[in-house]
Amino acid sequence: TSKIAAQTILDYLVPSLGTTNRGIKERPDLIVLNQTKGAAVLIETAFLSNPDDASKLKSEEVKNKMAESVYYAIVDMFNR
């Protein structure tokens with residue numbers, strides 16, 4: 001389900017990036033999430049309005065960690 005996918009991705013991202021865990025927010029009002037027949041997750045890895053997050057987004061290493069974390073979370077879900 002979408003909630004399991006979201007939690008799995010969150011469990012990989014937060015420790016990898018050292019960002020704040022803001023939890024999972026259900027957003028049934030978003031078309032990108034409510035118009036799909038399969039699981040759907042919208043990932044917000046960092047916020048430009050947060051100076052610490054904004055500086056992390058300038059780093060290729062951090063952006064690679066973000067991508068790797070999402071990748072490993074997806075692999076984990078398929079291997080369950």
# chains A, B, ... in the order shown; residues from 1 in each chain; ligands from 1

call {"tool": "residues_around", "arguments": {"residues": "region 48-62 of chain A", "least_positions_apart": "6", "cutoff": "10 Å", "atoms": "only C-alpha atoms", "output": "list in words"}}
result
Ser16, Leu17, Gly18, Thr19, Thr20 and Glu68 of chain A

call {"tool": "write_last_selection", "arguments": {"atoms": "N, CA and C atoms", "output": "mmCIF file, in the first residue's frame"}}
result
data_model
loop_
_atom_site.group_PDB
_atom_site.id
_atom_site.type_symbol
_atom_site.label_atom_id
_atom_site.label_comp_id
_atom_site.auth_asym_id
_atom_site.auth_seq_id
_atom_site.Cartn_x
_atom_site.Cartn_y
_atom_site.Cartn_z
ATOM 1 N N SER A 16 19.846 8.290 6.439
ATOM 2 C CA SER A 16 20.866 8.517 5.425
ATOM 3 C C SER A 16 21.225 9.998 5.288
ATOM 4 N N LEU A 17 20.210 10.857 5.376
ATOM 5 C CA LEU A 17 20.424 12.286 5.150
ATOM 6 C C LEU A 17 20.606 13.094 6.422
ATOM 7 N N GLY A 18 20.181 12.536 7.547
ATOM 8 C CA GLY A 18 20.266 13.279 8.802
ATOM 9 C C GLY A 18 19.285 14.441 8.848
ATOM 10 N N THR A 19 18.169 14.309 8.138
ATOM 11 C CA THR A 19 17.157 15.362 8.138
ATOM 12 C C THR A 19 16.122 15.093 9.225
ATOM 13 N N THR A 20 15.251 16.041 9.438
ATOM 14 C CA THR A 20 14.200 15.915 10.438
ATOM 15 C C THR A 20 13.107 14.987 9.928
ATOM 16 N N GLU A 68 19.873 7.121 -3.787
ATOM 17 C CA GLU A 68 20.208 5.767 -3.329
ATOM 18 C C GLU A 68 19.243 5.301 -2.252
#

call {"tool": "residues_around", "arguments": {"residues": "region 26-32 of chain A", "least_positions_apart": "4", "cutoff": "9 Å", "atoms": "only C-alpha atoms", "output": "list in words"}}
result
Lys3, Thr36, Ala40, Val41 and Leu42 of chain A

call {"tool": "residues_around", "arguments": {"residues": "Phe78 (chain A)", "least_positions_apart": "3", "cutoff": "12 Å", "atoms": "only C-alpha atoms", "output": "ChimeraX atom specification"}}
result
/A:4-5,8,71-75

call {"tool": "write_last_selection", "arguments": {"atoms": "all heavy atoms", "output": "PDB file, in the first residue's frame"}}
result
ATOM      1  N   ILE A   4       2.600   1.902   3.466  1.00  0.00           N
ATOM      2  CA  ILE A   4       3.782   1.066   3.695  1.00  0.00           C
ATOM      3  C   ILE A   4       4.955   1.573   2.867  1.00  0.00           C
ATOM      4  O   ILE A   4       6.084   1.663   3.359  1.00  0.00           O
ATOM      5  CB  ILE A   4       3.466  -0.411   3.376  1.00  0.00           C
ATOM      6  CG1 ILE A   4       2.475  -0.968   4.389  1.00  0.00           C
ATOM      7  CG2 ILE A   4       4.746  -1.245   3.341  1.00  0.00           C
ATOM      8  CD1 ILE A   4       1.891  -2.319   4.007  1.00  0.00           C
ATOM      9  N   ALA A   5       4.697   1.930   1.619  1.00  0.00           N
ATOM     10  CA  ALA A   5       5.748   2.459   0.749  1.00  0.00           C
ATOM     11  C   ALA A   5       6.310   3.757   1.328  1.00  0.00           C
ATOM     12  O   ALA A   5       7.533   3.942   1.391  1.00  0.00           O
ATOM     13  CB  ALA A   5       5.205   2.692  -0.651  1.00  0.00           C
ATOM     14  N   THR A   8       8.460   3.018   4.423  1.00  0.00           N
ATOM     15  CA  THR A   8       9.723   2.373   4.057  1.00  0.00           C
ATOM     16  C   THR A   8      10.699   3.400   3.507  1.00  0.00           C
ATOM     17  O   THR A   8      11.873   3.442   3.904  1.00  0.00           O
ATOM     18  CB  THR A   8       9.484   1.251   3.024  1.00  0.00           C
ATOM     19  OG1 THR A   8       8.569   0.306   3.582  1.00  0.00           O
ATOM     20  CG2 THR A   8      10.779   0.549   2.664  1.00  0.00           C
ATOM     21  N   TYR A  71      16.063   4.307  -3.891  1.00  0.00           N
ATOM     22  CA  TYR A  71      16.312   3.058  -4.611  1.00  0.00           C
ATOM     23  C   TYR A  71      16.307   1.859  -3.657  1.00  0.00           C
ATOM     24  O   TYR A  71      15.617   0.869  -3.900  1.00  0.00           O
ATOM     25  CB  TYR A  71      17.644   3.136  -5.356  1.00  0.00           C
ATOM     26  CG  TYR A  71      18.125   1.809  -5.867  1.00  0.00           C
ATOM     27  CD1 TYR A  71      17.590   1.245  -7.026  1.00  0.00           C
ATOM     28  CD2 TYR A  71      19.101   1.098  -5.176  1.00  0.00           C
ATOM     29  CE1 TYR A  71      18.026   0.016  -7.485  1.00  0.00           C
ATOM     30  CE2 TYR A  71      19.547  -0.141  -5.631  1.00  0.00           C
ATOM     31  CZ  TYR A  71      18.997  -0.678  -6.786  1.00  0.00           C
ATOM     32  OH  TYR A  71      19.433  -1.901  -7.230  1.00  0.00           O
ATOM     33  N   TYR A  72      17.079   1.949  -2.570  1.00  0.00           N
ATOM     34  CA  TYR A  72      17.156   0.829  -1.629  1.00  0.00           C
ATOM     35  C   TYR A  72      15.808   0.563  -0.949  1.00  0.00           C
ATOM     36  O   TYR A  72      15.469  -0.585  -0.655  1.00  0.00           O
ATOM     37  CB  TYR A  72      18.255   1.053  -0.597  1.00  0.00           C
ATOM     38  CG  TYR A  72      19.631   0.928  -1.176  1.00  0.00           C
ATOM     39  CD1 TYR A  72      20.559   1.964  -1.078  1.00  0.00           C
ATOM     40  CD2 TYR A  72      20.017  -0.233  -1.849  1.00  0.00           C
ATOM     41  CE1 TYR A  72      21.829   1.841  -1.635  1.00  0.00           C
ATOM     42  CE2 TYR A  72      21.282  -0.366  -2.402  1.00  0.00           C
ATOM     43  CZ  TYR A  72      22.185   0.671  -2.286  1.00  0.00           C
ATOM     44  OH  TYR A  72      23.420   0.551  -2.847  1.00  0.00           O
ATOM     45  N   ALA A  73      15.038   1.599  -0.713  1.00  0.00           N
ATOM     46  CA  ALA A  73      13.705   1.413  -0.139  1.00  0.00           C
ATOM     47  C   ALA A  73      12.807   0.638  -1.108  1.00  0.00           C
ATOM     48  O   ALA A  73      12.079  -0.278  -0.706  1.00  0.00           O
ATOM     49  CB  ALA A  73      13.085   2.756   0.208  1.00  0.00           C
ATOM     50  N   ILE A  74      12.874   0.992  -2.387  1.00  0.00           N
ATOM     51  CA  ILE A  74      12.072   0.284  -3.390  1.00  0.00           C
ATOM     52  C   ILE A  74      12.506  -1.165  -3.516  1.00  0.00           C
ATOM     53  O   ILE A  74      11.674  -2.080  -3.555  1.00  0.00           O
ATOM     54  CB  ILE A  74      12.141   1.017  -4.750  1.00  0.00           C
ATOM     55  CG1 ILE A  74      11.427   2.370  -4.635  1.00  0.00           C
ATOM     56  CG2 ILE A  74      11.529   0.164  -5.862  1.00  0.00           C
ATOM     57  CD1 ILE A  74      11.672   3.284  -5.810  1.00  0.00           C
ATOM     58  N   VAL A  75      13.808  -1.400  -3.539  1.00  0.00           N
ATOM     59  CA  VAL A  75      14.322  -2.776  -3.596  1.00  0.00           C
ATOM     60  C   VAL A  75      13.828  -3.557  -2.383  1.00  0.00           C
ATOM     61  O   VAL A  75      13.385  -4.696  -2.500  1.00  0.00           O
ATOM     62  CB  VAL A  75      15.866  -2.783  -3.686  1.00  0.00           C
ATOM     63  CG1 VAL A  75      16.417  -4.191  -3.468  1.00  0.00           C
ATOM     64  CG2 VAL A  75      16.324  -2.232  -5.022  1.00  0.00           C
TER      65      VAL A  75
END
